[in-house]
file coords_17.txt (compact mmCIF, C-alpha atoms)
# COMPACT_ATOMS: atom_id res chain seq x y z
CA MET A 20 147.74 88.09 173.26
CA PRO A 21 149.98 89.27 170.36
CA ALA A 22 152.68 91.77 171.25
CA THR A 23 151.05 94.42 169.03
CA HIS A 24 147.84 94.09 171.03
CA ARG A 25 149.70 94.52 174.32
CA ILE A 26 151.38 97.67 172.96
CA LEU A 27 148.00 99.02 171.87
CA GLU A 28 146.50 98.23 175.27
CA THR A 29 149.32 100.11 177.02
CA LYS A 30 148.87 103.17 174.80
CA ILE A 31 145.11 103.25 175.35
CA GLN A 32 145.48 102.94 179.11
CA LYS A 33 147.95 105.83 179.10
CA LEU A 34 145.48 108.01 177.17
CA LEU A 35 142.62 107.17 179.54
CA ASN A 36 144.75 107.91 182.58
CA GLN A 37 145.81 111.23 181.06
CA CYS A 38 142.18 112.12 180.35
CA VAL A 39 141.31 111.73 184.03
CA GLN A 40 144.52 113.36 185.22
CA ASP A 41 143.86 116.43 183.04
CA ARG A 42 140.31 116.62 184.42
CA ILE A 43 138.77 116.16 180.99
CA ALA A 44 136.48 113.57 182.57
CA PRO A 45 136.21 111.91 185.98
CA ALA A 46 135.67 108.51 184.38
CA ALA A 47 136.80 106.97 181.10
CA SER A 48 136.40 103.59 179.45
CA CYS A 49 137.44 102.02 176.16
CA ALA A 50 136.78 98.70 174.43
CA VAL A 51 138.58 97.53 171.28
CA VAL A 52 138.09 94.59 168.96
CA LEU A 53 140.97 94.14 166.49
CA HIS A 54 140.97 91.36 163.90
CA HIS A 55 138.19 89.70 165.91
CA ASP A 56 140.33 89.68 169.07
CA TRP A 57 138.63 91.37 172.02
CA LEU A 58 141.12 93.40 174.02
CA PRO A 59 140.43 93.79 177.77
CA GLU A 60 138.06 96.66 178.52
CA LEU A 61 140.18 99.47 179.92
CA THR A 62 139.06 102.11 182.41
CA ALA A 63 140.39 105.06 184.37
CA GLY A 64 139.09 107.22 187.19
CA GLU A 65 135.68 106.41 188.61
CA ALA A 66 134.81 103.80 186.03
CA SER A 67 134.78 100.02 185.74
CA PRO A 68 133.89 97.73 182.83
CA GLN A 69 130.35 97.71 184.26
CA THR A 70 129.94 101.52 184.15
CA PHE A 71 127.23 102.79 181.82
CA PHE A 72 127.76 106.07 179.95
CA ASP A 73 125.18 108.39 178.40
CA LEU A 74 125.77 107.86 174.66
CA ALA A 75 124.13 111.14 173.59
CA SER A 76 124.07 111.27 169.77
CA VAL A 77 125.61 107.83 169.36
CA THR A 78 121.97 106.90 170.05
CA LYS A 79 121.26 107.90 166.44
CA LEU A 80 122.87 104.65 165.28
CA PHE A 81 120.27 102.68 167.23
CA THR A 82 117.54 104.92 165.82
CA THR A 83 118.81 104.18 162.32
CA VAL A 84 118.82 100.43 162.82
CA THR A 85 115.36 100.49 164.40
CA ALA A 86 113.93 102.52 161.52
CA LEU A 87 115.56 100.28 158.91
CA SER A 88 114.16 97.18 160.61
CA LEU A 89 110.73 98.76 160.12
CA VAL A 90 111.57 99.24 156.44
CA ASP A 91 112.42 95.53 156.28
CA SER A 92 109.02 94.68 157.78
CA LYS A 93 107.23 97.08 155.38
CA ALA A 94 105.98 99.36 158.17
CA LEU A 95 108.10 102.20 156.73
CA GLU A 96 109.57 103.08 153.33
CA LEU A 97 112.94 104.71 152.73
CA ASP A 98 111.95 106.90 149.81
CA ALA A 99 108.22 107.46 150.23
CA PRO A 100 107.00 110.81 151.60
CA ILE A 101 106.60 110.50 155.36
CA GLY A 102 103.39 112.51 154.98
CA ARG A 103 101.71 109.20 154.17
CA ILE A 104 101.95 108.55 157.90
CA LEU A 105 102.34 112.01 159.47
CA PRO A 106 99.53 114.44 158.50
CA THR A 107 101.65 117.52 159.30
CA TYR A 108 103.98 116.50 156.47
CA ARG A 109 101.37 116.59 153.70
CA GLN A 110 101.56 120.27 152.75
CA GLY A 111 104.11 122.49 151.02
CA GLN A 112 107.78 121.49 150.89
CA LYS A 113 107.30 119.11 153.79
CA ALA A 114 105.24 116.89 151.51
CA THR A 115 108.41 115.57 149.86
CA VAL A 116 110.44 114.74 152.99
CA THR A 117 111.48 111.08 153.12
CA LEU A 118 112.95 108.76 155.73
CA ARG A 119 116.18 108.56 153.72
CA GLN A 120 116.51 112.35 153.98
CA LEU A 121 115.89 112.26 157.74
CA LEU A 122 118.54 109.56 158.17
CA THR A 123 121.11 111.56 156.17
CA HIS A 124 120.34 115.02 157.63
CA THR A 125 119.16 116.32 154.25
CA SER A 126 115.46 116.89 155.06
CA GLY A 127 115.78 120.67 155.42
CA LEU A 128 114.88 120.57 159.13
CA PRO A 129 116.89 122.76 161.52
CA SER A 130 119.63 121.39 163.72
CA GLN A 131 117.64 121.65 166.94
CA TRP A 132 114.08 121.59 168.17
CA ARG A 133 113.56 123.87 171.15
CA GLY A 134 110.01 122.98 172.13
CA TRP A 135 111.20 121.76 175.51
CA GLU A 136 112.61 125.23 176.23
CA ARG A 137 109.39 126.97 175.23
CA SER A 138 107.47 124.66 177.52
CA LEU A 139 109.70 125.53 180.47
CA ASN A 140 109.60 129.26 179.71
CA GLU A 141 105.81 129.17 179.67
CA GLY A 142 105.73 127.38 183.03
CA ARG A 143 104.24 124.19 181.63
CA GLY A 144 105.30 120.66 182.38
CA PHE A 145 106.46 118.24 179.74
CA GLU A 146 103.29 116.92 178.11
CA ARG A 147 104.66 114.48 175.55
CA ALA A 148 101.74 114.65 173.11
CA ARG A 149 101.92 118.44 173.05
CA LEU A 150 105.70 118.40 172.67
CA VAL A 151 105.50 115.87 169.82
CA GLN A 152 103.03 118.08 167.97
CA ASP A 153 105.33 121.06 168.48
CA LEU A 154 108.18 118.96 167.04
CA LEU A 155 106.11 117.96 164.00
CA ASP A 156 105.17 121.60 163.41
CA THR A 157 108.86 122.57 163.09
CA ALA A 158 109.32 124.51 159.85
CA LEU A 159 111.90 123.52 157.25
CA GLU A 160 114.87 125.83 156.78
CA ALA A 161 115.66 124.59 153.27
CA PRO A 162 113.95 122.54 150.56
CA PRO A 163 114.35 118.80 151.18
CA GLY A 164 117.37 117.26 149.49
CA THR A 165 119.24 120.53 148.94
CA ARG A 166 121.59 120.75 151.94
CA PHE A 167 123.26 118.74 154.70
CA GLU A 168 122.46 120.10 158.17
CA TYR A 169 123.02 117.83 161.15
CA SER A 170 119.59 117.62 162.74
CA CYS A 171 118.55 116.21 166.10
CA ALA A 172 115.07 117.41 165.17
CA GLY A 173 115.14 115.08 162.19
CA PHE A 174 116.02 112.03 164.27
CA ASN A 175 113.29 112.77 166.79
CA THR A 176 110.92 113.01 163.83
CA ILE A 177 112.02 109.48 162.86
CA MET A 178 111.00 108.34 166.35
CA VAL A 179 107.52 109.86 165.98
CA LEU A 180 107.18 108.42 162.46
CA ALA A 181 107.97 104.93 163.77
CA GLU A 182 105.52 105.27 166.65
CA HIS A 183 102.74 106.40 164.32
CA ALA A 184 103.47 103.60 161.83
CA THR A 185 103.44 100.82 164.43
CA GLY A 186 101.32 102.09 167.31
CA GLN A 187 104.15 101.09 169.66
CA PRO A 188 106.20 103.27 171.99
CA TRP A 189 109.71 104.07 170.81
CA ALA A 190 111.56 102.44 173.69
CA ALA A 191 109.78 99.14 173.02
CA LEU A 192 110.63 99.31 169.32
CA VAL A 193 114.33 99.89 170.01
CA HIS A 194 114.45 97.10 172.57
CA ASP A 195 112.53 94.49 170.62
CA ARG A 196 114.05 95.18 167.20
CA VAL A 197 117.66 95.88 168.16
CA LEU A 198 118.78 95.51 171.77
CA ALA A 199 117.14 92.13 172.41
CA LYS A 200 118.90 90.70 169.35
CA LEU A 201 122.42 91.72 170.34
CA PRO A 202 124.76 89.47 172.36
CA THR A 203 125.27 91.92 175.21
CA SER A 204 123.57 93.27 178.32
CA GLY A 205 125.63 96.44 178.13
CA LEU A 206 123.06 98.51 176.22
CA THR A 207 119.89 100.06 177.64
CA GLY A 208 117.61 103.05 177.56
CA THR A 209 116.67 102.61 181.21
CA PRO A 210 119.88 102.19 183.24
CA ARG A 211 120.15 101.91 187.01
CA VAL A 212 121.44 105.20 188.39
CA GLU A 213 124.09 103.59 190.56
CA HIS A 214 125.61 101.92 187.49
CA CYS A 215 126.03 105.17 185.54
CA ALA A 216 128.75 107.75 185.23
CA PRO A 217 127.44 111.28 185.88
CA THR A 218 127.50 113.72 182.96
CA GLU A 219 126.95 117.20 184.39
CA TYR A 220 125.59 119.26 187.25
CA GLN A 221 122.86 121.30 185.53
CA HIS A 222 121.61 123.73 188.14
CA ALA A 223 120.25 126.23 185.58
CA LEU A 224 117.34 123.94 184.71
CA GLY A 225 116.92 122.66 188.25
CA ARG A 226 118.04 119.16 187.28
CA GLY A 227 120.94 118.90 189.72
CA LEU A 228 123.43 116.12 189.12
CA ILE A 229 122.55 114.35 185.89
CA GLN A 230 123.25 110.68 186.39
CA GLY A 231 121.35 107.74 184.96
CA ILE A 232 118.96 110.02 183.05
CA VAL A 233 119.54 111.45 179.61
CA HIS A 234 121.57 114.65 179.50
CA ASP A 235 120.10 115.96 176.22
CA GLU A 236 117.25 118.34 177.02
CA ALA A 237 115.08 117.43 174.03
CA ALA A 238 115.25 113.71 174.83
CA TRP A 239 114.69 114.50 178.52
CA SER A 240 111.50 116.40 177.73
CA LEU A 241 110.24 113.56 175.51
CA GLY A 242 110.60 110.98 178.26
CA GLY A 243 114.15 109.63 178.02
CA LEU A 244 115.18 107.34 175.18
CA SER A 245 114.37 109.28 172.03
CA GLY A 246 115.41 109.44 168.41
CA ASN A 247 118.35 111.75 169.01
CA ALA A 248 119.67 110.63 172.41
CA GLY A 249 118.96 108.55 175.51
CA MET A 250 120.84 105.29 175.04
CA PHE A 251 123.31 104.20 177.75
CA ALA A 252 126.08 101.65 177.33
CA THR A 253 129.20 100.15 178.78
CA SER A 254 132.18 100.35 176.45
CA GLY A 255 131.96 96.59 175.99
CA GLY A 256 128.26 96.75 175.17
CA LEU A 257 128.81 99.49 172.61
CA VAL A 258 131.70 97.72 170.90
CA ALA A 259 129.55 94.57 170.67
CA PHE A 260 127.00 96.64 168.75
CA GLY A 261 129.84 97.95 166.57
CA GLU A 262 130.98 94.43 165.78
CA SER A 263 127.43 93.52 164.76
CA LEU A 264 127.30 96.60 162.53
CA GLY A 265 130.54 95.58 160.88
CA ARG A 266 129.15 92.11 160.14
CA GLY A 267 125.97 93.52 158.61
CA LEU A 268 123.67 93.22 161.65
CA PRO A 269 122.78 89.54 161.13
CA GLY A 270 119.36 88.67 162.46
CA ILE A 271 118.43 92.34 162.64
CA LEU A 272 118.54 93.75 159.09
CA SER A 273 118.42 92.31 155.61
CA PRO A 274 121.81 92.41 153.84
CA GLY A 275 120.72 95.10 151.39
CA LEU A 276 119.52 97.53 154.05
CA ALA A 277 122.50 96.81 156.29
CA GLU A 278 124.77 97.79 153.40
CA GLU A 279 122.93 101.12 153.04
CA MET A 280 124.46 102.04 156.39
CA TRP A 281 127.89 101.80 154.72
CA ARG A 282 127.15 103.38 151.34
CA SER A 283 127.94 107.09 150.91
CA GLN A 284 124.61 108.84 150.35
CA LEU A 285 125.17 112.59 150.07
CA PRO A 286 126.37 112.89 146.43
CA GLU A 287 123.28 111.04 145.19
CA ILE A 288 120.77 112.84 147.43
CA LEU A 289 122.12 116.38 147.06
CA GLY A 290 123.01 116.19 143.37
CA ASN A 291 124.17 119.58 142.11
CA ASN A 292 124.00 120.91 145.67
CA PHE A 293 126.65 118.46 146.88
CA ASN A 294 129.86 120.10 148.10
CA PRO A 295 132.62 117.58 148.90
CA GLU A 296 134.23 120.14 151.22
CA ASP A 297 131.13 120.75 153.33
CA PRO A 298 130.66 118.74 155.41
CA ALA A 299 134.25 117.57 155.61
CA PHE A 300 133.12 113.93 155.89
CA GLY A 301 130.78 111.56 154.13
CA HIS A 302 127.47 110.25 155.40
CA SER A 303 125.62 106.98 154.97
CA LEU A 304 122.28 106.17 156.52
CA GLY A 305 122.89 107.26 160.11
CA MET A 306 126.69 107.00 160.12
CA ARG A 307 129.49 109.44 159.41
CA ILE A 308 132.22 108.38 157.01
CA ASN A 309 135.91 109.31 157.26
CA ALA A 310 135.41 112.05 159.86
CA GLN A 311 139.13 112.47 160.31
CA THR A 312 138.95 115.07 163.07
CA TRP A 313 138.08 112.24 165.48
CA MET A 314 138.43 109.04 163.44
CA GLY A 315 142.03 109.71 162.43
CA SER A 316 143.94 110.05 159.19
CA HIS A 317 143.80 106.32 158.41
CA ALA A 318 140.02 106.20 158.63
CA GLN A 319 139.06 106.66 154.98
CA GLU A 320 136.71 103.68 155.15
CA ALA A 321 135.65 104.05 158.78
CA ARG A 322 132.07 104.61 159.86
CA GLY A 323 130.63 105.69 163.18
CA HIS A 324 129.24 108.46 165.33
CA GLY A 325 130.21 110.66 168.25
CA GLY A 326 128.19 112.00 171.17
CA PHE A 327 128.13 115.32 173.04
CA THR A 328 128.95 113.58 176.32
CA GLY A 329 132.32 112.41 174.99
CA THR A 330 131.23 109.02 173.68
CA SER A 331 131.97 107.55 170.27
CA LEU A 332 131.81 104.38 168.21
CA LEU A 333 134.13 103.72 165.26
CA ILE A 334 133.93 100.71 162.96
CA ASP A 335 136.53 100.14 160.24
CA ARG A 336 135.88 97.00 158.22
CA GLU A 337 139.00 97.57 156.10
CA HIS A 338 141.22 97.27 159.18
CA SER A 339 138.90 94.87 161.06
CA LEU A 340 138.61 97.33 163.93
CA SER A 341 135.86 98.45 166.31
CA ILE A 342 136.45 101.03 169.06
CA ALA A 343 134.02 102.31 171.70

call {"tool": "encode", "arguments": {"input": "coords_17.txt", "output": "structure tokens"}}
result
Amino acid sequence: MPATHRILETKIQKLLNQCVQDRIAPAASCAVVLHHDWLPELTAGEASPQTFFDLASVTKLFTTVTALSLVDSKALELDAPIGRILPTYRQGQKATVTLRQLLTHTSGLPSQWRGWERSLNEGRGFERARLVQDLLDTALEAPPGTRFEYSCAGFNTIMVLAEHATGQPWAALVHDRVLAKLPTSGLTGTPRVEHCAPTEYQHALGRGLIQGIVHDEAAWSLGGLSGNAGMFATSGGLVAFGESLGRGLPGILSPGLAEEMWRSQLPEILGNNFNPEDPAFGHSLGMRINAQTWMGSHAQEARGHGGFTGTSLLIDREHSLSIA
């Protein structure tokens, strides 16, 4: 191993140890691939290289790839109104919403969908069909293509769109079109509890210790792996996905669509409504660009995503770097 890699490994281990020592997290893990060299997976606290973590919103990257694979196979279209498939999107401003807008958070949908909360407050169980209809009935907060507003509701709408277009359940689509084609067993939507790091003790909703099931309440109500959250991964499994992203997802996406995940989209979509200061990062299809608050000051060409549970994936093709 080059001396620079050993120095990097030492620095990362020190950061992980400090994270656990400062009680930021009871378990931490990191995997790095630099110039195609795989550094040893590093852990601290109650974690090993085999520990699976709840990826939270990093799941949106898998949603993006799954949806784009359906574009490749002609089941979906990037720029056609999704109302061609979803009847509730055939009236008013909703009639112009496209998959590209959903993937770039420019559809006009709100940040969150709270149907799960209404169901609990009304004393009803989680009936997925009813919850999905409630999701599809979510009103727009702005005309499509006029603002950027990070939207979990939008990515769950992508899930429903894909299910309607194919007649297949979402978990099967993600597995067959993405996970089964990656060279790793460190990615899953259905982990074994004993292999997972816990995320939280959520007594307010009667869930107890959340371990091995999705933390996000919307995804939880919809059955687990959803459009906005629900994927679990080891750090090694996630960085393997990052390496595939950096190479253009061979065997998964066509080169043209894979490149759309790297191309900055907001200036073109928002037009005169584009404000380079808000958000303070760029956005491709599904991935943030140059989000320096967590990617760092040298990340002008980096892409990736973070998750509420403390997870993240960064891919920088310019520096031949993937970090999970």

call {"tool": "atom_distance", "arguments": {"input": "coords_17.txt", "atom1": "CA of Val212 in chain A", "atom2": "CA of Glu28 in chain A"}}
result
29.1 Å

call {"tool": "closest_atom_pairs", "arguments": {"input": "coords_17.txt", "of": "range 62-120 of chain A", "to": "range 248-262 of chain A", "cutoff": "7 Å", "atoms": "all atoms listed in the file", "output": "Markdown table"}}
result
| residue | atom | partner | partner_atom | distance |
| --- | --- | --- | --- | --- |
| A:Pro68 | CA | A:Thr253 | CA | 6.7 |
| A:Gln69 | CA | A:Thr253 | CA | 6.1 |
| A:Thr70 | CA | A:Thr253 | CA | 5.6 |
| A:Phe71 | CA | A:Thr253 | CA | 4.5 |
| A:Phe72 | CA | A:Phe251 | CA | 5.3 |
| A:Asp73 | CA | A:Phe251 | CA | 4.6 |
| A:Leu74 | CA | A:Phe251 | CA | 5.4 |
| A:Ala75 | CA | A:Ala248 | CA | 4.6 |
| A:Ser76 | CA | A:Ala248 | CA | 5.2 |
| A:Thr78 | CA | A:Ala248 | CA | 5.0 |
| A:Lys79 | CA | A:Ala248 | CA | 6.8 |

call {"tool": "closest_residue", "arguments": {"input": "coords_17.txt", "among": "A:Leu224, A:Ala199, A:Ala184, A:Val90", "to": "Gly275 in chain A", "atoms": "only C-alpha atoms"}}
result
A:Val90

call {"tool": "residues_around", "arguments": {"input": "coords_17.txt", "residues": "range 290-302 of chain A", "least_positions_apart": "4", "cutoff": "10 Å", "atoms": "only C-alpha atoms", "output": "ChimeraX atom specification"}}
result
/A:122-124,164-169,280-286,306-312,319-320,322-323

call {"tool": "residues_around", "arguments": {"input": "coords_17.txt", "residues": "Pro100 in chain A", "least_positions_apart": "3", "cutoff": "9 Å", "atoms": "only C-alpha atoms", "output": "list of chain:residue names"}}
result
A:Glu96, A:Leu97, A:Arg103, A:Ile104, A:Tyr108, A:Arg109, A:Lys113, A:Ala114, A:Thr115, A:Val116, A:Thr117, A:Leu118

call {"tool": "closest_residue", "arguments": {"input": "coords_17.txt", "among": "A:Val179, A:Asp335, A:Ala190, A:Gly305", "to": "His317 in chain A", "atoms": "all atoms listed in the file"}}
result
A:Asp335

call {"tool": "atom_distance", "arguments": {"input": "coords_17.txt", "atom1": "CA of Trp132 in chain A", "atom2": "CA of Ala172 in chain A"}}
result
5.2 Å

call {"tool": "decode", "arguments": {"input": "coords_17.txt", "residues": "range 219-247 of chain A", "atoms": "N, CA, C and O atoms", "output": "PDB file, in the first residue's frame"}}
result
ATOM      1  N   GLU A 219     -32.169   4.204  16.353  1.00  0.00           N
ATOM      2  CA  GLU A 219     -32.815   5.073  17.343  1.00  0.00           C
ATOM      3  C   GLU A 219     -33.769   4.243  18.199  1.00  0.00           C
ATOM      4  O   GLU A 219     -34.274   3.211  17.752  1.00  0.00           O
ATOM      5  N   TYR A 220     -34.015   4.727  19.400  1.00  0.00           N
ATOM      6  CA  TYR A 220     -35.090   4.175  20.220  1.00  0.00           C
ATOM      7  C   TYR A 220     -36.265   5.134  20.105  1.00  0.00           C
ATOM      8  O   TYR A 220     -36.231   6.254  20.603  1.00  0.00           O
ATOM      9  N   GLN A 221     -37.330   4.713  19.407  1.00  0.00           N
ATOM     10  CA  GLN A 221     -38.432   5.615  19.068  1.00  0.00           C
ATOM     11  C   GLN A 221     -39.688   5.216  19.851  1.00  0.00           C
ATOM     12  O   GLN A 221     -40.618   4.624  19.338  1.00  0.00           O
ATOM     13  N   HIS A 222     -39.678   5.580  21.129  1.00  0.00           N
ATOM     14  CA  HIS A 222     -40.791   5.172  21.988  1.00  0.00           C
ATOM     15  C   HIS A 222     -42.076   5.934  21.674  1.00  0.00           C
ATOM     16  O   HIS A 222     -43.171   5.441  21.924  1.00  0.00           O
ATOM     17  N   ALA A 223     -41.965   7.153  21.115  1.00  0.00           N
ATOM     18  CA  ALA A 223     -43.158   7.975  20.880  1.00  0.00           C
ATOM     19  C   ALA A 223     -44.141   7.301  19.930  1.00  0.00           C
ATOM     20  O   ALA A 223     -45.358   7.459  20.061  1.00  0.00           O
ATOM     21  N   LEU A 224     -43.643   6.541  18.974  1.00  0.00           N
ATOM     22  CA  LEU A 224     -44.512   5.854  18.023  1.00  0.00           C
ATOM     23  C   LEU A 224     -44.682   4.376  18.371  1.00  0.00           C
ATOM     24  O   LEU A 224     -45.260   3.616  17.596  1.00  0.00           O
ATOM     25  N   GLY A 225     -44.171   3.985  19.531  1.00  0.00           N
ATOM     26  CA  GLY A 225     -44.319   2.605  19.958  1.00  0.00           C
ATOM     27  C   GLY A 225     -43.476   1.621  19.174  1.00  0.00           C
ATOM     28  O   GLY A 225     -43.751   0.413  19.178  1.00  0.00           O
ATOM     29  N   ARG A 226     -42.415   2.119  18.543  1.00  0.00           N
ATOM     30  CA  ARG A 226     -41.581   1.248  17.712  1.00  0.00           C
ATOM     31  C   ARG A 226     -40.442   0.615  18.496  1.00  0.00           C
ATOM     32  O   ARG A 226     -39.853  -0.354  18.046  1.00  0.00           O
ATOM     33  N   GLY A 227     -40.118   1.172  19.644  1.00  0.00           N
ATOM     34  CA  GLY A 227     -39.004   0.630  20.425  1.00  0.00           C
ATOM     35  C   GLY A 227     -37.680   0.875  19.736  1.00  0.00           C
ATOM     36  O   GLY A 227     -37.493   1.872  19.038  1.00  0.00           O
ATOM     37  N   LEU A 228     -36.756  -0.063  19.922  1.00  0.00           N
ATOM     38  CA  LEU A 228     -35.445   0.048  19.296  1.00  0.00           C
ATOM     39  C   LEU A 228     -35.574  -0.245  17.809  1.00  0.00           C
ATOM     40  O   LEU A 228     -36.031  -1.316  17.409  1.00  0.00           O
ATOM     41  N   ILE A 229     -35.154   0.704  16.996  1.00  0.00           N
ATOM     42  CA  ILE A 229     -35.239   0.534  15.544  1.00  0.00           C
ATOM     43  C   ILE A 229     -33.928  -0.058  15.056  1.00  0.00           C
ATOM     44  O   ILE A 229     -32.894   0.595  15.048  1.00  0.00           O
ATOM     45  N   GLN A 230     -33.993  -1.303  14.658  1.00  0.00           N
ATOM     46  CA  GLN A 230     -32.809  -2.024  14.202  1.00  0.00           C
ATOM     47  C   GLN A 230     -33.222  -3.033  13.146  1.00  0.00           C
ATOM     48  O   GLN A 230     -34.081  -3.873  13.383  1.00  0.00           O
ATOM     49  N   GLY A 231     -32.641  -2.913  11.970  1.00  0.00           N
ATOM     50  CA  GLY A 231     -32.953  -3.845  10.896  1.00  0.00           C
ATOM     51  C   GLY A 231     -34.241  -3.554  10.162  1.00  0.00           C
ATOM     52  O   GLY A 231     -34.621  -4.281   9.240  1.00  0.00           O
ATOM     53  N   ILE A 232     -34.952  -2.485  10.570  1.00  0.00           N
ATOM     54  CA  ILE A 232     -36.116  -1.997   9.832  1.00  0.00           C
ATOM     55  C   ILE A 232     -35.907  -0.523   9.573  1.00  0.00           C
ATOM     56  O   ILE A 232     -35.193   0.152  10.312  1.00  0.00           O
ATOM     57  N   VAL A 233     -36.510  -0.008   8.529  1.00  0.00           N
ATOM     58  CA  VAL A 233     -36.246   1.355   8.111  1.00  0.00           C
ATOM     59  C   VAL A 233     -36.657   2.362   9.183  1.00  0.00           C
ATOM     60  O   VAL A 233     -37.725   2.262   9.778  1.00  0.00           O
ATOM     61  N   HIS A 234     -35.807   3.337   9.420  1.00  0.00           N
ATOM     62  CA  HIS A 234     -36.081   4.374  10.405  1.00  0.00           C
ATOM     63  C   HIS A 234     -37.127   5.362   9.891  1.00  0.00           C
ATOM     64  O   HIS A 234     -38.018   5.765  10.623  1.00  0.00           O
ATOM     65  N   ASP A 235     -37.031   5.758   8.626  1.00  0.00           N
ATOM     66  CA  ASP A 235     -37.930   6.765   8.057  1.00  0.00           C
ATOM     67  C   ASP A 235     -39.389   6.322   8.163  1.00  0.00           C
ATOM     68  O   ASP A 235     -39.755   5.226   7.727  1.00  0.00           O
ATOM     69  N   GLU A 236     -40.227   7.203   8.728  1.00  0.00           N
ATOM     70  CA  GLU A 236     -41.612   6.822   9.012  1.00  0.00           C
ATOM     71  C   GLU A 236     -42.433   6.606   7.744  1.00  0.00           C
ATOM     72  O   GLU A 236     -43.287   5.708   7.697  1.00  0.00           O
ATOM     73  N   ALA A 237     -42.195   7.426   6.725  1.00  0.00           N
ATOM     74  CA  ALA A 237     -42.955   7.257   5.484  1.00  0.00           C
ATOM     75  C   ALA A 237     -42.653   5.908   4.851  1.00  0.00           C
ATOM     76  O   ALA A 237     -43.560   5.166   4.448  1.00  0.00           O
ATOM     77  N   ALA A 238     -41.361   5.567   4.758  1.00  0.00           N
ATOM     78  CA  ALA A 238     -40.977   4.276   4.185  1.00  0.00           C
ATOM     79  C   ALA A 238     -41.494   3.124   5.050  1.00  0.00           C
ATOM     80  O   ALA A 238     -41.947   2.093   4.537  1.00  0.00           O
ATOM     81  N   TRP A 239     -41.425   3.300   6.354  1.00  0.00           N
ATOM     82  CA  TRP A 239     -41.941   2.291   7.293  1.00  0.00           C
ATOM     83  C   TRP A 239     -43.408   2.011   7.018  1.00  0.00           C
ATOM     84  O   TRP A 239     -43.834   0.854   6.942  1.00  0.00           O
ATOM     85  N   SER A 240     -44.192   3.068   6.851  1.00  0.00           N
ATOM     86  CA  SER A 240     -45.631   2.886   6.635  1.00  0.00           C
ATOM     87  C   SER A 240     -45.929   2.214   5.300  1.00  0.00           C
ATOM     88  O   SER A 240     -46.939   1.525   5.154  1.00  0.00           O
ATOM     89  N   LEU A 241     -45.034   2.410   4.319  1.00  0.00           N
ATOM     90  CA  LEU A 241     -45.252   1.863   2.977  1.00  0.00           C
ATOM     91  C   LEU A 241     -44.669   0.460   2.818  1.00  0.00           C
ATOM     92  O   LEU A 241     -44.706  -0.109   1.734  1.00  0.00           O
ATOM     93  N   GLY A 242     -44.123  -0.087   3.897  1.00  0.00           N
ATOM     94  CA  GLY A 242     -43.716  -1.481   3.867  1.00  0.00           C
ATOM     95  C   GLY A 242     -42.232  -1.746   3.918  1.00  0.00           C
ATOM     96  O   GLY A 242     -41.802  -2.901   3.848  1.00  0.00           O
ATOM     97  N   GLY A 243     -41.411  -0.697   4.033  1.00  0.00           N
ATOM     98  CA  GLY A 243     -39.964  -0.919   4.124  1.00  0.00           C
ATOM     99  C   GLY A 243     -39.227  -0.196   3.029  1.00  0.00           C
ATOM    100  O   GLY A 243     -39.220   1.032   2.975  1.00  0.00           O
ATOM    101  N   LEU A 244     -38.595  -0.951   2.122  1.00  0.00           N
ATOM    102  CA  LEU A 244     -37.859  -0.319   1.032  1.00  0.00           C
ATOM    103  C   LEU A 244     -38.824   0.483   0.170  1.00  0.00           C
ATOM    104  O   LEU A 244     -39.766  -0.064  -0.410  1.00  0.00           O
ATOM    105  N   SER A 245     -38.582   1.786   0.089  1.00  0.00           N
ATOM    106  CA  SER A 245     -39.455   2.679  -0.649  1.00  0.00           C
ATOM    107  C   SER A 245     -38.620   3.599  -1.532  1.00  0.00           C
ATOM    108  O   SER A 245     -37.395   3.459  -1.611  1.00  0.00           O
ATOM    109  N   GLY A 246     -39.271   4.556  -2.153  1.00  0.00           N
ATOM    110  CA  GLY A 246     -38.545   5.443  -3.048  1.00  0.00           C
ATOM    111  C   GLY A 246     -37.619   6.396  -2.334  1.00  0.00           C
ATOM    112  O   GLY A 246     -36.594   6.811  -2.882  1.00  0.00           O
ATOM    113  N   ASN A 247     -37.965   6.744  -1.093  1.00  0.00           N
ATOM    114  CA  ASN A 247     -37.173   7.755  -0.376  1.00  0.00           C
ATOM    115  C   ASN A 247     -36.195   7.171   0.624  1.00  0.00           C
ATOM    116  O   ASN A 247     -35.235   7.834   1.009  1.00  0.00           O
TER     117      ASN A 247
END
